[in-house]
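Shown next: data38.cif, containing mmCIF, C-alpha atoms.
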data_entry
#
loop_
_atom_site.group_PDB
_atom_site.id
_atom_site.type_symbol
_atom_site.label_atom_id
_atom_site.label_comp_id
_atom_site.auth_asym_id
_atom_site.auth_seq_id
_atom_site.Cartn_x
_atom_site.Cartn_y
_atom_site.Cartn_z
ATOM 1 C CA MET A 1 -39.359 132.465 -137.250
ATOM 2 C CA GLN A 2 -41.134 134.855 -134.937
ATOM 3 C CA LEU A 3 -42.031 133.475 -131.486
ATOM 4 C CA PRO A 4 -45.554 134.148 -130.223
ATOM 5 C CA SER A 5 -45.722 137.049 -127.909
ATOM 6 C CA LYS A 6 -46.689 136.541 -124.204
ATOM 7 C CA PRO A 7 -50.260 137.371 -123.339
ATOM 8 C CA PRO A 8 -50.512 140.591 -121.470
ATOM 9 C CA ALA A 9 -50.617 140.216 -117.648
ATOM 10 C CA ARG A 10 -54.040 140.532 -116.146
ATOM 11 C CA ARG A 11 -54.691 143.530 -114.054
ATOM 12 C CA LEU A 12 -56.899 143.553 -110.956
ATOM 13 C CA GLY A 13 -59.667 145.093 -112.909
ATOM 14 C CA ASP A 14 -59.649 142.152 -115.316
ATOM 15 C CA ILE A 15 -60.569 139.557 -112.626
ATOM 16 C CA PRO A 16 -64.276 138.653 -112.756
ATOM 17 C CA ILE A 17 -66.291 140.171 -109.963
ATOM 18 C CA LYS A 18 -67.633 136.703 -108.876
ATOM 19 C CA VAL A 19 -64.092 135.497 -108.242
ATOM 20 C CA VAL A 20 -63.383 138.585 -106.139
ATOM 21 C CA TYR A 21 -66.476 137.958 -104.013
ATOM 22 C CA LEU A 22 -65.559 134.278 -103.563
ATOM 23 C CA ILE A 23 -62.017 135.064 -102.426
ATOM 24 C CA GLY A 24 -63.347 137.725 -100.043
ATOM 25 C CA ALA A 25 -65.841 135.286 -98.482
ATOM 26 C CA ILE A 26 -63.138 132.658 -97.939
ATOM 27 C CA LEU A 27 -60.791 135.137 -96.302
ATOM 28 C CA GLY A 28 -63.603 136.461 -94.090
ATOM 29 C CA THR A 29 -64.542 132.947 -92.864
ATOM 30 C CA VAL A 30 -60.918 132.051 -92.064
ATOM 31 C CA LEU A 31 -60.487 135.302 -90.177
ATOM 32 C CA ALA A 32 -63.687 134.746 -88.153
ATOM 33 C CA VAL A 33 -62.598 131.238 -87.095
ATOM 34 C CA VAL A 34 -59.188 132.519 -86.007
ATOM 35 C CA LEU A 35 -60.784 135.297 -83.961
ATOM 36 C CA ILE A 36 -63.176 132.872 -82.190
ATOM 37 C CA PHE A 37 -60.323 130.643 -81.068
ATOM 38 C CA VAL A 38 -58.276 133.622 -79.902
ATOM 39 C CA LEU A 39 -61.075 135.315 -77.985
ATOM 40 C CA PHE A 40 -62.783 132.324 -76.332
ATOM 41 C CA SER A 41 -60.027 129.772 -75.822
ATOM 42 C CA GLY A 42 -59.755 130.815 -72.152
ATOM 43 C CA ASP A 43 -63.436 129.991 -71.470
ATOM 44 C CA VAL A 44 -63.114 126.227 -71.931
ATOM 45 C CA PRO A 45 -63.112 124.483 -68.487
ATOM 46 C CA ALA A 46 -60.259 122.139 -67.693
ATOM 47 C CA ASN A 47 -62.671 119.409 -66.487
ATOM 48 C CA LYS A 48 -65.946 119.515 -68.362
ATOM 49 C CA GLN A 49 -68.862 118.360 -66.164
ATOM 50 C CA SER A 50 -72.202 116.921 -67.202
ATOM 51 C CA SER A 51 -75.086 119.399 -67.353
ATOM 52 C CA GLU A 52 -77.328 116.882 -65.554
ATOM 53 C CA GLN A 53 -77.882 117.685 -61.869
ATOM 54 C CA VAL A 54 -77.679 114.682 -59.558
ATOM 55 C CA VAL A 55 -79.840 115.017 -56.444
ATOM 56 C CA PRO A 56 -78.631 112.834 -53.552
ATOM 57 C CA VAL A 57 -81.223 110.691 -51.782
ATOM 58 C CA ALA A 58 -81.219 111.257 -48.029
ATOM 59 C CA PRO A 59 -81.264 108.085 -45.903
ATOM 60 C CA VAL A 60 -84.237 107.387 -43.659
ATOM 61 C CA PRO A 61 -83.302 108.724 -40.206
ATOM 62 C CA SER A 62 -83.220 106.325 -37.295
ATOM 63 C CA ALA A 63 -85.308 106.856 -34.193
ATOM 64 C CA SER A 64 -82.269 108.255 -32.356
ATOM 65 C CA ALA A 65 -81.105 110.551 -35.150
ATOM 66 C CA THR A 66 -81.149 114.323 -34.723
ATOM 67 C CA PRO A 67 -84.182 115.826 -36.525
ATOM 68 C CA SER A 68 -83.424 117.491 -39.848
ATOM 69 C CA ALA A 69 -83.770 121.240 -40.217
ATOM 70 C CA SER A 70 -85.547 120.820 -43.560
ATOM 71 C CA PRO A 71 -89.222 121.842 -43.799
ATOM 72 C CA SER A 72 -91.824 119.269 -42.767
ATOM 73 C CA PRO A 73 -95.634 119.406 -42.569
ATOM 74 C CA THR A 74 -95.509 118.584 -38.872
ATOM 75 C CA VAL A 75 -92.555 120.752 -37.727
ATOM 76 C CA SER A 76 -94.775 123.474 -36.279
ATOM 77 C CA GLU A 77 -97.218 121.032 -34.659
ATOM 78 C CA SER A 78 -97.019 119.955 -31.059
ATOM 79 C CA PRO A 79 -96.096 116.300 -30.557
ATOM 80 C CA ILE A 80 -99.094 114.047 -29.986
ATOM 81 C CA VAL A 81 -98.528 112.170 -26.741
ATOM 82 C CA LEU A 82 -100.341 108.832 -26.524
ATOM 83 C CA PRO A 83 -100.904 106.700 -23.436
ATOM 84 C CA PRO A 84 -98.931 103.432 -23.184
ATOM 85 C CA VAL A 85 -100.226 100.808 -25.602
ATOM 86 C CA PRO A 86 -101.529 97.576 -24.017
ATOM 87 C CA GLU A 87 -99.597 94.514 -25.144
ATOM 88 C CA SER A 88 -102.935 92.718 -25.392
ATOM 89 C CA LYS A 89 -106.464 94.014 -24.951
ATOM 90 C CA LYS A 90 -109.626 92.340 -26.248
ATOM 91 C CA PHE A 91 -111.779 94.510 -28.478
ATOM 92 C CA ALA A 92 -115.135 95.294 -26.907
ATOM 93 C CA THR A 93 -118.260 94.640 -28.948
ATOM 94 C CA LEU A 94 -119.510 98.124 -29.720
ATOM 95 C CA SER A 95 -123.214 98.911 -29.509
ATOM 96 C CA GLY A 96 -125.241 99.736 -32.608
ATOM 97 C CA THR A 97 -126.235 97.988 -35.823
ATOM 98 C CA ALA A 98 -123.497 96.567 -38.006
ATOM 99 C CA SER A 99 -123.731 97.345 -41.703
ATOM 100 C CA LEU A 100 -124.278 94.512 -44.128
ATOM 101 C CA VAL A 101 -121.182 93.265 -45.916
ATOM 102 C CA SER A 102 -121.828 93.499 -49.661
ATOM 103 C CA GLY A 103 -118.539 91.945 -50.744
ATOM 104 C CA LEU A 104 -114.794 92.388 -50.424
ATOM 105 C CA ILE A 105 -112.530 95.264 -51.302
ATOM 106 C CA THR A 106 -109.294 93.990 -52.812
ATOM 107 C CA ASP A 107 -106.733 96.753 -52.704
ATOM 108 C CA LYS A 108 -104.008 95.474 -55.005
ATOM 109 C CA THR A 109 -102.035 98.689 -54.691
ATOM 110 C CA VAL A 110 -101.655 98.166 -50.950
ATOM 111 C CA GLY A 111 -101.883 94.363 -50.787
ATOM 112 C CA ILE A 112 -104.824 93.748 -48.448
ATOM 113 C CA THR A 113 -108.485 92.778 -48.608
ATOM 114 C CA TYR A 114 -111.264 93.765 -46.218
ATOM 115 C CA PRO A 115 -115.095 93.971 -46.120
ATOM 116 C CA ARG A 116 -117.024 96.197 -48.515
ATOM 117 C CA LEU A 117 -119.740 97.732 -46.378
ATOM 118 C CA ALA A 118 -123.241 98.274 -47.771
ATOM 119 C CA SER A 119 -125.260 101.519 -47.722
ATOM 120 C CA PRO A 120 -125.000 104.097 -46.217
ATOM 121 C CA TRP A 121 -121.290 103.549 -46.911
ATOM 122 C CA LYS A 122 -120.196 104.769 -50.338
ATOM 123 C CA ALA A 123 -116.908 104.259 -52.170
ATOM 124 C CA LYS A 124 -115.293 107.671 -52.672
ATOM 125 C CA SER A 125 -111.973 109.111 -53.768
ATOM 126 C CA PHE A 126 -110.184 110.253 -50.635
ATOM 127 C CA PRO A 127 -106.456 111.049 -51.042
ATOM 128 C CA PRO A 128 -103.966 110.097 -49.734
ATOM 129 C CA PHE A 129 -105.726 106.742 -49.370
ATOM 130 C CA SER A 130 -105.716 104.125 -52.111
ATOM 131 C CA ILE A 131 -109.368 103.115 -51.578
ATOM 132 C CA ALA A 132 -111.935 104.647 -49.227
ATOM 133 C CA GLN A 133 -115.517 104.180 -48.071
ATOM 134 C CA ARG A 134 -117.282 107.130 -46.473
ATOM 135 C CA ILE A 135 -120.548 108.286 -44.982
ATOM 136 C CA GLY A 136 -121.579 111.915 -45.326
ATOM 137 C CA LYS A 137 -119.629 114.941 -46.452
ATOM 138 C CA VAL A 138 -115.892 115.470 -46.368
ATOM 139 C CA ALA A 139 -115.371 117.309 -43.094
ATOM 140 C CA ILE A 140 -113.324 116.718 -39.966
ATOM 141 C CA PRO A 141 -114.112 114.469 -38.183
ATOM 142 C CA HIS A 142 -114.673 112.069 -41.088
ATOM 143 C CA THR A 143 -116.697 108.882 -41.119
ATOM 144 C CA VAL A 144 -114.296 106.817 -43.173
ATOM 145 C CA VAL A 145 -112.792 103.382 -43.811
ATOM 146 C CA ALA A 146 -109.665 103.579 -45.955
ATOM 147 C CA SER A 147 -106.524 101.693 -46.942
ATOM 148 C CA ALA A 148 -103.054 102.904 -47.838
ATOM 149 C CA MET A 149 -99.439 102.033 -47.309
ATOM 150 C CA PHE A 150 -98.233 103.030 -43.848
ATOM 151 C CA PRO A 151 -97.904 106.845 -44.112
ATOM 152 C CA GLY A 152 -94.652 107.110 -42.152
ATOM 153 C CA ASP A 153 -91.081 106.388 -43.224
ATOM 154 C CA SER A 154 -90.221 102.845 -44.178
ATOM 155 C CA PRO A 155 -88.527 100.942 -41.353
ATOM 156 C CA THR A 156 -84.793 100.505 -41.900
ATOM 157 C CA THR A 157 -85.361 96.752 -41.575
ATOM 158 C CA LYS A 158 -88.478 94.736 -42.236
ATOM 159 C CA PRO A 159 -90.572 94.286 -39.036
ATOM 160 C CA SER A 160 -90.597 90.736 -37.703
ATOM 161 C CA THR A 161 -92.109 90.599 -34.208
ATOM 162 C CA ASN A 162 -95.503 91.443 -32.781
ATOM 163 C CA ALA A 163 -93.850 94.252 -30.841
ATOM 164 C CA ASP A 164 -92.521 95.712 -34.129
ATOM 165 C CA TYR A 165 -95.974 95.771 -35.698
ATOM 166 C CA ARG A 166 -97.586 97.086 -32.518
ATOM 167 C CA GLU A 167 -95.137 99.999 -32.531
ATOM 168 C CA ILE A 168 -95.891 100.779 -36.181
ATOM 169 C CA ALA A 169 -99.630 100.588 -35.445
ATOM 170 C CA THR A 170 -99.057 103.100 -32.637
ATOM 171 C CA GLN A 171 -97.384 105.455 -35.121
ATOM 172 C CA ALA A 172 -100.352 104.991 -37.484
ATOM 173 C CA ALA A 173 -102.765 105.884 -34.669
ATOM 174 C CA ARG A 174 -100.730 109.013 -33.938
ATOM 175 C CA TRP A 175 -100.917 109.932 -37.640
ATOM 176 C CA ALA A 176 -104.708 109.414 -37.588
ATOM 177 C CA MET A 177 -105.015 111.668 -34.544
ATOM 178 C CA ARG A 178 -103.135 114.411 -36.390
ATOM 179 C CA THR A 179 -104.999 114.156 -39.695
ATOM 180 C CA GLN A 180 -108.550 113.014 -38.891
ATOM 181 C CA TYR A 181 -109.503 115.001 -35.780
ATOM 182 C CA PRO A 182 -109.457 118.595 -34.535
ATOM 183 C CA LYS A 183 -106.367 119.812 -32.715
ATOM 184 C CA GLY A 184 -106.341 118.933 -29.044
ATOM 185 C CA ALA A 185 -108.097 115.567 -29.428
ATOM 186 C CA THR A 186 -107.197 112.873 -26.901
ATOM 187 C CA LEU A 187 -107.134 109.094 -27.164
ATOM 188 C CA ALA A 188 -107.956 106.085 -24.987
ATOM 189 C CA TRP A 189 -107.091 102.560 -26.154
ATOM 190 C CA THR A 190 -110.022 100.150 -26.599
ATOM 191 C CA GLY A 191 -108.218 97.158 -28.101
ATOM 192 C CA SER A 192 -104.794 95.776 -28.975
ATOM 193 C CA GLN A 193 -104.407 92.430 -30.750
ATOM 194 C CA LYS A 194 -102.483 90.538 -33.414
ATOM 195 C CA ILE A 195 -104.323 90.333 -36.736
ATOM 196 C CA PRO A 196 -106.261 87.054 -37.351
ATOM 197 C CA VAL A 197 -104.297 86.040 -40.482
ATOM 198 C CA GLY A 198 -100.693 86.887 -41.364
ATOM 199 C CA LYS A 199 -98.341 89.258 -39.566
ATOM 200 C CA GLY A 200 -99.538 92.569 -38.229
ATOM 201 C CA TRP A 201 -101.330 94.364 -35.406
ATOM 202 C CA SER A 202 -104.664 96.091 -34.778
ATOM 203 C CA LEU A 203 -105.337 98.895 -32.322
ATOM 204 C CA GLY A 204 -108.728 100.269 -31.328
ATOM 205 C CA PHE A 205 -109.159 103.651 -29.687
ATOM 206 C CA LYS A 206 -111.784 106.149 -28.561
ATOM 207 C CA VAL A 207 -111.092 109.760 -29.491
ATOM 208 C CA THR A 208 -112.452 112.714 -27.522
ATOM 209 C CA PHE A 209 -112.455 116.107 -29.223
ATOM 210 C CA THR A 210 -114.262 119.446 -29.259
ATOM 211 C CA VAL A 211 -116.166 120.975 -32.197
ATOM 212 C CA ASN A 212 -117.861 124.382 -31.879
ATOM 213 C CA GLY A 213 -117.449 124.256 -28.129
ATOM 214 C CA LYS A 214 -119.170 120.860 -27.826
ATOM 215 C CA GLN A 215 -117.288 117.763 -26.707
ATOM 216 C CA GLN A 216 -117.739 114.731 -28.924
ATOM 217 C CA VAL A 217 -116.301 111.233 -29.238
ATOM 218 C CA ALA A 218 -115.413 108.893 -32.078
ATOM 219 C CA GLN A 219 -114.503 105.216 -32.210
ATOM 220 C CA ALA A 220 -111.589 104.293 -34.453
ATOM 221 C CA MET A 221 -109.117 101.583 -35.393
ATOM 222 C CA VAL A 222 -105.885 101.063 -37.318
ATOM 223 C CA THR A 223 -104.522 97.768 -38.590
ATOM 224 C CA ILE A 224 -100.977 97.265 -39.839
ATOM 225 C CA VAL A 225 -100.461 94.289 -42.183
ATOM 226 C CA GLU A 226 -97.237 92.755 -43.496
ATOM 227 C CA VAL A 227 -97.521 92.555 -47.309
ATOM 228 C CA GLY A 228 -94.075 91.330 -48.371
ATOM 229 C CA LYS A 229 -92.405 94.746 -48.329
ATOM 230 C CA THR A 230 -90.336 96.658 -45.803
ATOM 231 C CA LYS A 231 -93.209 99.129 -45.424
ATOM 232 C CA PRO A 232 -96.472 97.492 -44.274
ATOM 233 C CA ALA A 233 -100.027 98.248 -45.364
ATOM 234 C CA MET A 234 -102.511 100.158 -43.227
ATOM 235 C CA LEU A 235 -106.289 99.980 -42.819
ATOM 236 C CA MET A 236 -107.742 102.932 -40.919
ATOM 237 C CA ALA A 237 -111.338 103.593 -39.847
ATOM 238 C CA SER A 238 -112.951 106.366 -37.844
ATOM 239 C CA ILE A 239 -116.639 106.802 -36.972
ATOM 240 C CA PRO A 240 -117.701 109.860 -34.929
ATOM 241 C CA GLU A 241 -120.753 109.711 -32.696
ATOM 242 C CA SER A 242 -122.917 111.339 -35.385
ATOM 243 C CA ASN A 243 -122.833 107.868 -36.987
ATOM 244 C CA LYS A 244 -122.474 105.852 -33.783
ATOM 245 C CA THR A 245 -125.043 103.299 -34.950
ATOM 246 C CA ARG A 246 -122.212 102.108 -37.283
ATOM 247 C CA TRP A 247 -119.627 101.607 -34.550
ATOM 248 C CA PRO A 248 -119.943 97.784 -34.797
ATOM 249 C CA ASP A 249 -118.533 98.059 -38.336
ATOM 250 C CA LEU A 250 -115.131 98.492 -36.683
ATOM 251 C CA ASN A 251 -115.434 94.993 -35.193
ATOM 252 C CA THR A 252 -116.285 93.675 -38.663
ATOM 253 C CA LEU A 253 -113.171 95.243 -40.172
ATOM 254 C CA ILE A 254 -110.793 94.160 -37.400
ATOM 255 C CA THR A 255 -111.829 90.518 -37.649
ATOM 256 C CA GLN A 256 -111.852 90.261 -41.466
ATOM 257 C CA VAL A 257 -108.887 92.270 -42.780
ATOM 258 C CA ARG A 258 -106.395 89.995 -44.583
ATOM 259 C CA PRO A 259 -103.211 90.227 -46.652
ATOM 260 C CA LEU A 260 -103.614 89.232 -50.304
#

Could you show the structure in this file as structure tokens?
Amino acid sequence: MQLPSKPPARRLGDIPIKVVYLIGAILGTVLAVVLIFVLFSGDVPANKQSSEQVVPVAPVPSASATPSASPSPTVSESPIVLPPVPESKKFATLSGTASLVSGLITDKTVGITYPRLASPWKAKSFPPFSIAQRIGKVAIPHTVVASAMFPGDSPTTKPSTNADYREIATQAARWAMRTQYPKGATLAWTGSQKIPVGKGWSLGFKVTFTVNGKQQVAQAMVTIVEVGKTKPAMLMASIPESNKTRWPDLNTLITQVRPL
């Protein structure tokens, strides 16, 4: 009996072209992976760090701390020197005609309430204040009543004494002198008292300044109010002599501002 003969061995030319392409693709992929590991294995860091950048928060400097060298809006400005603040000084009744009170402004963002003054006062947007009432155009010196959180740094501890609030009110008056009046303005205190309700302090002051070579004055006030936070609320008002008939409105505000 004759055994079946072996099938002839396949030559390279007998392999289907699709199989050749498939084998070539597999070999090429394996080779590429090996090359990647060889070439870039030295670029992997030993301790991989997160790509997120963490920015540290700087602590609020104390009064005795050395000033930071970082930029500040007031670095190039001369310090505003104020006269000593009276521990107690009754507010004088200013001459003029007080505006009618048309209601109350309740500033929930800040945490205080105070009188809403009738015409010619108008409620206007006036950053950085939360709520503002103004007369006339936006120009220094402004005729303005406005509320905001105290614009300085938060105290490291919550104020507790009248002296604490009087000091913060002094800082608020210094801020008002820098932002609401021409450079070179001077101040004289016209009142210094504890607020009628709650914890806080009010300061009244007369500002003397020069515009276009003419000396002018304004009457102003700041009130600092404890509102349950480390940083207190602030009510600020300034009325230059161009609207001096409204100077008594400052007395209205000082006697009626309240915490919520």

So what do you get for atom CA of A:Asp153 versus atom CA of A:Pro128, distance-wise?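 Computing the Euclidean distance for atom CA of A:Asp153 and atom CA of A:Pro128 yields 14.9 Å.
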
Separation of atom CA of A:Val257 from atom CA of A:Thr113, in Å and rounded to one decimal: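 Rounded to one decimal, the two atoms are 5.9 Å apart.
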
So, counting only C-alpha atoms, which residue among A:Ile168, A:Ile239, A:Ala163, A:Leu82 is closest to A:Ile135?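 Selected residue with least distance to A:Ile135: A:Ile239.
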
Looking at A:Gly111, A:Gly198, A:Gly204, A:Gly103, which one is nearest to A:Phe150, with distances taken over all atoms listed in the file?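 Using all atoms listed in the file, the shortest distance to A:Phe150 belongs to A:Gly111.
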
Residue by residue, what does the PyMOL selection byres ((chain A and resi 166) around 10) grab here? Present the result as an MDAnalysis selection string. chainID A and resid 85:88 159 161:165 167:172 192:194 200:203 223:224

Only C-alpha atoms, please: the residues just picked out, written as a PDB file, in the frame of the given file.
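Dumped to selection.pdb:
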ATOM      1  CA  VAL A  85    -100.226 100.808 -25.602  1.00  0.00           C
ATOM      2  CA  PRO A  86    -101.529  97.576 -24.017  1.00  0.00           C
ATOM      3  CA  GLU A  87     -99.597  94.514 -25.144  1.00  0.00           C
ATOM      4  CA  SER A  88    -102.935  92.718 -25.392  1.00  0.00           C
ATOM      5  CA  PRO A 159     -90.572  94.286 -39.036  1.00  0.00           C
ATOM      6  CA  THR A 161     -92.109  90.599 -34.208  1.00  0.00           C
ATOM      7  CA  ASN A 162     -95.503  91.443 -32.781  1.00  0.00           C
ATOM      8  CA  ALA A 163     -93.850  94.252 -30.841  1.00  0.00           C
ATOM      9  CA  ASP A 164     -92.521  95.712 -34.129  1.00  0.00           C
ATOM     10  CA  TYR A 165     -95.974  95.771 -35.698  1.00  0.00           C
ATOM     11  CA  GLU A 167     -95.137  99.999 -32.531  1.00  0.00           C
ATOM     12  CA  ILE A 168     -95.891 100.779 -36.181  1.00  0.00           C
ATOM     13  CA  ALA A 169     -99.630 100.588 -35.445  1.00  0.00           C
ATOM     14  CA  THR A 170     -99.057 103.100 -32.637  1.00  0.00           C
ATOM     15  CA  GLN A 171     -97.384 105.455 -35.121  1.00  0.00           C
ATOM     16  CA  ALA A 172    -100.352 104.991 -37.484  1.00  0.00           C
ATOM     17  CA  SER A 192    -104.794  95.776 -28.975  1.00  0.00           C
ATOM     18  CA  GLN A 193    -104.407  92.430 -30.750  1.00  0.00           C
ATOM     19  CA  LYS A 194    -102.483  90.538 -33.414  1.00  0.00           C
ATOM     20  CA  GLY A 200     -99.538  92.569 -38.229  1.00  0.00           C
ATOM     21  CA  TRP A 201    -101.330  94.364 -35.406  1.00  0.00           C
ATOM     22  CA  SER A 202    -104.664  96.091 -34.778  1.00  0.00           C
ATOM     23  CA  LEU A 203    -105.337  98.895 -32.322  1.00  0.00           C
ATOM     24  CA  THR A 223    -104.522  97.768 -38.590  1.00  0.00           C
ATOM     25  CA  ILE A 224    -100.977  97.265 -39.839  1.00  0.00           C
TER      26      ILE A 224
END

Let me know the residues the PyMOL selection byres ((chain A and resi 259) around 9) catches in the file above, as number ranges by chain. A: 111-114, 197-199, 225-227, 233, 257-258, 260

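Coordinates place atom CA of A:Ala118 at a distance of 27.1 Å from atom CA of A:Trp175.
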
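Neighbours of stretch 206-219 of chain A closer than or equal to 7 Å, with only C-alpha atoms counted and sequence neighbours fewer than 2 positions away skipped, come out as A:Pro182, A:Gly184, A:Ala185, A:Thr186, A:Leu187, A:Ala188, A:Trp189, A:Thr190, A:Ser238, A:Ile239, A:Pro240, A:Glu241, A:Trp247.
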
Those same residues - C-alpha atoms - I'd like them written as a PDB file, keeping the file's coordinate frame.
ATOM      1  CA  PRO A 182    -109.457 118.595 -34.535  1.00  0.00           C
ATOM      2  CA  GLY A 184    -106.341 118.933 -29.044  1.00  0.00           C
ATOM      3  CA  ALA A 185    -108.097 115.567 -29.428  1.00  0.00           C
ATOM      4  CA  THR A 186    -107.197 112.873 -26.901  1.00  0.00           C
ATOM      5  CA  LEU A 187    -107.134 109.094 -27.164  1.00  0.00           C
ATOM      6  CA  ALA A 188    -107.956 106.085 -24.987  1.00  0.00           C
ATOM      7  CA  TRP A 189    -107.091 102.560 -26.154  1.00  0.00           C
ATOM      8  CA  THR A 190    -110.022 100.150 -26.599  1.00  0.00           C
ATOM      9  CA  SER A 238    -112.951 106.366 -37.844  1.00  0.00           C
ATOM     10  CA  ILE A 239    -116.639 106.802 -36.972  1.00  0.00           C
ATOM     11  CA  PRO A 240    -117.701 109.860 -34.929  1.00  0.00           C
ATOM     12  CA  GLU A 241    -120.753 109.711 -32.696  1.00  0.00           C
ATOM     13  CA  TRP A 247    -119.627 101.607 -34.550  1.00  0.00           C
TER      14      TRP A 247
END

With 3 Å on each side, where is the centre of the axis-aligned box around all listed atoms of stretch 234-241 of chain A, and how long are its edges in Å to one decimal, as AutoDock Vina command-line options?
--center_x -111.6 --center_y 104.9 --center_z -38.0 --size_x 24.2 --size_y 15.9 --size_z 16.5

Set the distance at 10 Å and use only C-alpha atoms: which residues neighbour A:Leu250 once local chain neighbours fewer than 2 positions away are removed? I'd like the list as a ChimeraX atom specification. /A:91,93-94,98,145,204,219-222,236-239,246-248,252-255

Given the PyMOL selection byres ((chain A and resi 140) around 9) and the file above, list the residues it selects as a list in words.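 Applying the expression gives Val138, Ala139, Pro141, His142, Thr143, Thr179, Gln180, Tyr181 and Pro182 of chain A.
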
Env of A:Ser119: 9 Å cut, atoms = only C-alpha atoms, seq-sep filter 5 positions within chain, self excluded. Answer as an NGL selection string. :A and (99-100 or 102 or 135)

Some atoms are missing, so please complete stretch 79-90 of chain A with N, CA and C atoms and return it as a PDB file, in the frame of the given file.
ATOM      1  N   PRO A  79     -96.093 117.761 -30.526  1.00  0.00           N
ATOM      2  CA  PRO A  79     -96.096 116.300 -30.557  1.00  0.00           C
ATOM      3  C   PRO A  79     -97.368 115.750 -29.925  1.00  0.00           C
ATOM      4  N   ILE A  80     -97.894 114.681 -30.527  1.00  0.00           N
ATOM      5  CA  ILE A  80     -99.094 114.047 -29.986  1.00  0.00           C
ATOM      6  C   ILE A  80     -98.643 112.942 -29.037  1.00  0.00           C
ATOM      7  N   VAL A  81     -98.935 113.120 -27.770  1.00  0.00           N
ATOM      8  CA  VAL A  81     -98.528 112.170 -26.741  1.00  0.00           C
ATOM      9  C   VAL A  81     -99.667 111.169 -26.528  1.00  0.00           C
ATOM     10  N   LEU A  82     -99.345 109.888 -26.694  1.00  0.00           N
ATOM     11  CA  LEU A  82    -100.341 108.832 -26.524  1.00  0.00           C
ATOM     12  C   LEU A  82    -100.073 108.071 -25.229  1.00  0.00           C
ATOM     13  N   PRO A  83    -101.128 107.535 -24.614  1.00  0.00           N
ATOM     14  CA  PRO A  83    -100.904 106.700 -23.436  1.00  0.00           C
ATOM     15  C   PRO A  83    -100.205 105.400 -23.832  1.00  0.00           C
ATOM     16  N   PRO A  84     -99.588 104.709 -22.867  1.00  0.00           N
ATOM     17  CA  PRO A  84     -98.931 103.432 -23.184  1.00  0.00           C
ATOM     18  C   PRO A  84     -99.894 102.458 -23.863  1.00  0.00           C
ATOM     19  N   VAL A  85     -99.385 101.742 -24.847  1.00  0.00           N
ATOM     20  CA  VAL A  85    -100.226 100.808 -25.602  1.00  0.00           C
ATOM     21  C   VAL A  85    -100.272  99.455 -24.885  1.00  0.00           C
ATOM     22  N   PRO A  86    -101.456  98.908 -24.628  1.00  0.00           N
ATOM     23  CA  PRO A  86    -101.529  97.576 -24.017  1.00  0.00           C
ATOM     24  C   PRO A  86    -100.906  96.521 -24.928  1.00  0.00           C
ATOM     25  N   GLU A  87    -100.151  95.597 -24.341  1.00  0.00           N
ATOM     26  CA  GLU A  87     -99.597  94.514 -25.144  1.00  0.00           C
ATOM     27  C   GLU A  87    -100.699  93.613 -25.675  1.00  0.00           C
ATOM     28  N   SER A  88    -101.782  93.507 -24.944  1.00  0.00           N
ATOM     29  CA  SER A  88    -102.935  92.718 -25.392  1.00  0.00           C
ATOM     30  C   SER A  88    -104.182  93.247 -24.704  1.00  0.00           C
ATOM     31  N   LYS A  89    -105.186  93.535 -25.491  1.00  0.00           N
ATOM     32  CA  LYS A  89    -106.464  94.014 -24.951  1.00  0.00           C
ATOM     33  C   LYS A  89    -107.562  93.585 -25.917  1.00  0.00           C
ATOM     34  N   LYS A  90    -108.535  92.836 -25.412  1.00  0.00           N
ATOM     35  CA  LYS A  90    -109.626  92.340 -26.248  1.00  0.00           C
ATOM     36  C   LYS A  90    -110.492  93.507 -26.700  1.00  0.00           C
TER      37      LYS A  90
END
